[in-house]
Amino acid sequence: MDRTKLESILCDLYEQKISPKDVIEQIATLPYENLDFAKIDHHRSLRNGLPEVIYGKDKTKDQLISIIKSVYKSKNDVLVTKLNFDVYRDIRQKLPLGSTYNDVSLTLVINQKEHHNPVGSVIILTAGTSDIPIAEEARVTTELFGSKTKKIYDVGVAGIHRLLDKIKILRDARVIIVVAGMDGALAAVVAGLVSCPVIAVPTSIGYGASFNGLSALLTMLNSCAIGVATVNIDNGFGAGCIAHKINSLGEKNNPSLNV
């Protein structure tokens, strides 16, 4: 944050030249922190409700350490996705205290904000066990932002009775994330059984003709079931963000809840 700019805004507020609403609007667009190789957007959560998240793949170790420390310094929660364990092992001694690494989802989390009880109901399904890493990325993301989640894994269409056994739980959800590779058929099946929104996540799991998730992606995009929105291949993080926003809207629209 630019101290001079912030001081100028606060002085204008003190002298009643601008309103508190004007201050909020100006702070929301203050300059980013320039690290040369990265420009850290500390005010993203002020604009759209969710903080900047760090994509861990293809960054150098020094870049990761600098970016993580920058986000941490701003008092935001830290989430790093697609962080290979070997890279984490090499940098963990230089990370802030309280870092938690999940070697299934390949995520790193540092909680800094005061978190209230999780709200709503987000259910995360996988078609198979091999889809779990992407589902876990979605779960870690959704829970960090404050949503209550429940996971139901390995309920693909090859054994549809496993899914039907959970139908009551599914119908109580506010939003469902469906993670599937291979033929990607599970999302359409789920959407045909429930009234809530379904977020489909194709994974790169499958044999040759799955084309690293392209077959599942096309199946989900061409779903005949209503209420299905599809994110990119292996994008558990994106699904988690959307699910949390939908879930949060449900809280705002429920007058009986004080969140």
# chains A, B, ... in the order shown; residues from 1 in each chain; ligands from 1
call {"tool": "select_by_dssp", "arguments": {"residues": "range 56-251 of chain A", "states": "strand (DSSP E)", "output": "PyMOL selection string"}}
result
chain A and resi 78-81+100-102+107-110+119-126+147-152+175-180+198-202+228-230
call {"tool": "closest_residue", "arguments": {"among": "A:Thr100, A:Gln63, A:Asn212, A:Thr107", "to": "Lys82 in chain A", "atoms": "only C-alpha atoms"}}
result
A:Thr107
call {"tool": "residues_around", "arguments": {"residues": "Asp234 in chain A", "least_positions_apart": "4", "cutoff": "12 Å", "atoms": "only C-alpha atoms", "output": "PyMOL selection string"}}
result
chain A and resi 81-82+105+130-138+178-181+200-205+212-214+216-217+230+238-240
call {"tool": "closest_atom_pairs", "arguments": {"of": "range 61-124 of chain A", "to": "range 151-166 of chain A", "cutoff": "9 Å", "atoms": "only C-alpha atoms", "output": "Markdown table"}}
result
| residue | atom | partner | partner_atom | distance |
| --- | --- | --- | --- | --- |
| A:Val122 | CA | A:Lys151 | CA | 8.6 |
| A:Ile123 | CA | A:Lys151 | CA | 5.7 |
| A:Ile124 | CA | A:Lys151 | CA | 4.7 |
call {"tool": "write_last_selection", "arguments": {"atoms": "C-alpha atoms", "output": "JSON list (two decimals), in the first residue's frame"}}
result
[["chain", "number", "residue", "atom", "x", "y", "z"],
["A", 122, "VAL", "CA", -21.08, -27.30, -0.33],
["A", 123, "ILE", "CA", -20.82, -30.97, -1.30],
["A", 124, "ILE", "CA", -17.83, -32.20, -3.29]]
call {"tool": "atom_distance", "arguments": {"atom1": "CA of Lys57 in chain A", "atom2": "CA of Asn235 in chain A"}}
result
13.0 Å
call {"tool": "atom_distance", "arguments": {"atom1": "CA of Leu186 in chain A", "atom2": "CA of Lys150 in chain A"}}
result
17.3 Å
call {"tool": "select_by_dssp", "arguments": {"residues": "range 213-257 of chain A", "states": "alpha helix (DSSP H)", "output": "tab-separated table (two decimals) with N, CA, C and O atoms, in the first residue's frame"}}
result
chain	number	residue	atom	x	y	z
A	214	LEU	N	-9.73	-33.65	-22.03
A	214	LEU	CA	-10.53	-32.95	-23.04
A	214	LEU	C	-11.88	-33.64	-23.26
A	214	LEU	O	-12.91	-32.98	-23.42
A	215	SER	N	-11.88	-34.97	-23.24
A	215	SER	CA	-13.15	-35.70	-23.42
A	215	SER	C	-14.13	-35.37	-22.31
A	215	SER	O	-15.31	-35.13	-22.56
A	216	ALA	N	-13.64	-35.37	-21.06
A	216	ALA	CA	-14.51	-35.04	-19.92
A	216	ALA	C	-14.99	-33.60	-20.01
A	216	ALA	O	-16.16	-33.31	-19.73
A	217	LEU	N	-14.12	-32.70	-20.43
A	217	LEU	CA	-14.50	-31.29	-20.57
A	217	LEU	C	-15.63	-31.14	-21.59
A	217	LEU	O	-16.64	-30.45	-21.32
A	218	LEU	N	-15.48	-31.77	-22.75
A	218	LEU	CA	-16.51	-31.65	-23.79
A	218	LEU	C	-17.83	-32.28	-23.35
A	218	LEU	O	-18.91	-31.75	-23.64
A	219	THR	N	-17.75	-33.40	-22.63
A	219	THR	CA	-18.97	-34.02	-22.11
A	219	THR	C	-19.70	-33.07	-21.18
A	219	THR	O	-20.92	-32.89	-21.26
A	220	MET	N	-18.96	-32.45	-20.27
A	220	MET	CA	-19.58	-31.55	-19.30
A	220	MET	C	-20.14	-30.30	-19.96
A	220	MET	O	-21.20	-29.80	-19.59
A	221	LEU	N	-19.43	-29.77	-20.96
A	221	LEU	CA	-19.92	-28.60	-21.67
A	221	LEU	C	-21.17	-28.91	-22.48
A	221	LEU	O	-22.00	-28.03	-22.72
A	236	GLY	N	-9.69	-27.28	-9.70
A	236	GLY	CA	-10.40	-27.39	-8.44
A	236	GLY	C	-10.50	-26.06	-7.72
A	236	GLY	O	-11.52	-25.76	-7.08
A	237	PHE	N	-9.46	-25.25	-7.83
A	237	PHE	CA	-9.46	-23.93	-7.20
A	237	PHE	C	-10.60	-23.06	-7.74
A	237	PHE	O	-11.35	-22.45	-6.99
A	238	GLY	N	-10.72	-23.00	-9.06
A	238	GLY	CA	-11.78	-22.19	-9.66
A	238	GLY	C	-13.15	-22.64	-9.24
A	238	GLY	O	-14.04	-21.83	-8.95
A	239	ALA	N	-13.35	-23.96	-9.18
A	239	ALA	CA	-14.63	-24.50	-8.74
A	239	ALA	C	-14.91	-24.12	-7.29
A	239	ALA	O	-16.04	-23.78	-6.92
A	240	GLY	N	-13.88	-24.18	-6.45
A	240	GLY	CA	-14.05	-23.82	-5.05
A	240	GLY	C	-14.44	-22.37	-4.86
A	240	GLY	O	-15.29	-22.04	-4.02
A	241	CYS	N	-13.85	-21.47	-5.66
A	241	CYS	CA	-14.19	-20.04	-5.58
A	241	CYS	C	-15.65	-19.80	-5.96
A	241	CYS	O	-16.38	-19.09	-5.26
A	242	ILE	N	-16.07	-20.40	-7.08
A	242	ILE	CA	-17.45	-20.20	-7.53
A	242	ILE	C	-18.43	-20.79	-6.51
A	242	ILE	O	-19.45	-20.18	-6.18
A	243	ALA	N	-18.12	-21.98	-6.01
A	243	ALA	CA	-19.00	-22.63	-5.04
A	243	ALA	C	-19.15	-21.77	-3.79
A	243	ALA	O	-20.26	-21.61	-3.25
A	244	HIS	N	-18.05	-21.19	-3.33
A	244	HIS	CA	-18.13	-20.35	-2.13
A	244	HIS	C	-18.98	-19.11	-2.37
A	244	HIS	O	-19.77	-18.71	-1.52
A	245	LYS	N	-18.84	-18.50	-3.54
A	245	LYS	CA	-19.64	-17.30	-3.83
A	245	LYS	C	-21.13	-17.63	-3.89
A	245	LYS	O	-21.97	-16.88	-3.38
A	246	ILE	N	-21.47	-18.75	-4.52
A	246	ILE	CA	-22.87	-19.17	-4.57
A	246	ILE	C	-23.38	-19.46	-3.16
A	246	ILE	O	-24.47	-19.05	-2.76
A	247	ASN	N	-22.57	-20.17	-2.40
A	247	ASN	CA	-22.94	-20.53	-1.03
A	247	ASN	C	-23.13	-19.27	-0.18
A	247	ASN	O	-24.08	-19.19	0.62
A	248	SER	N	-22.27	-18.28	-0.35
A	248	SER	CA	-22.36	-17.05	0.42
A	248	SER	C	-23.61	-16.27	0.08
A	248	SER	O	-24.24	-15.65	0.95
A	249	LEU	N	-24.01	-16.28	-1.19
A	249	LEU	CA	-25.25	-15.61	-1.59
A	249	LEU	C	-26.44	-16.24	-0.88
A	249	LEU	O	-27.39	-15.55	-0.50
A	250	GLY	N	-26.40	-17.55	-0.69
A	250	GLY	CA	-27.46	-18.23	0.03
A	250	GLY	C	-27.55	-17.77	1.47
A	250	GLY	O	-28.65	-17.65	2.03
A	251	GLU	N	-26.41	-17.48	2.09
A	251	GLU	CA	-26.42	-16.97	3.46
A	251	GLU	C	-27.04	-15.58	3.51
A	251	GLU	O	-27.84	-15.27	4.40
A	252	LYS	N	-26.70	-14.73	2.56
A	252	LYS	CA	-27.24	-13.37	2.54
A	252	LYS	C	-28.75	-13.36	2.33
A	252	LYS	O	-29.45	-12.48	2.80
call {"tool": "closest_residue", "arguments": {"among": "A:Asn84, A:Asn76, A:Ser8, A:Ser210", "to": "Tyr55 in chain A", "atoms": "only C-alpha atoms"}}
result
A:Asn84
call {"tool": "atom_distance", "arguments": {"atom1": "CA of Ser195 in chain A", "atom2": "CA of Met182 in chain A"}}
result
25.1 Å
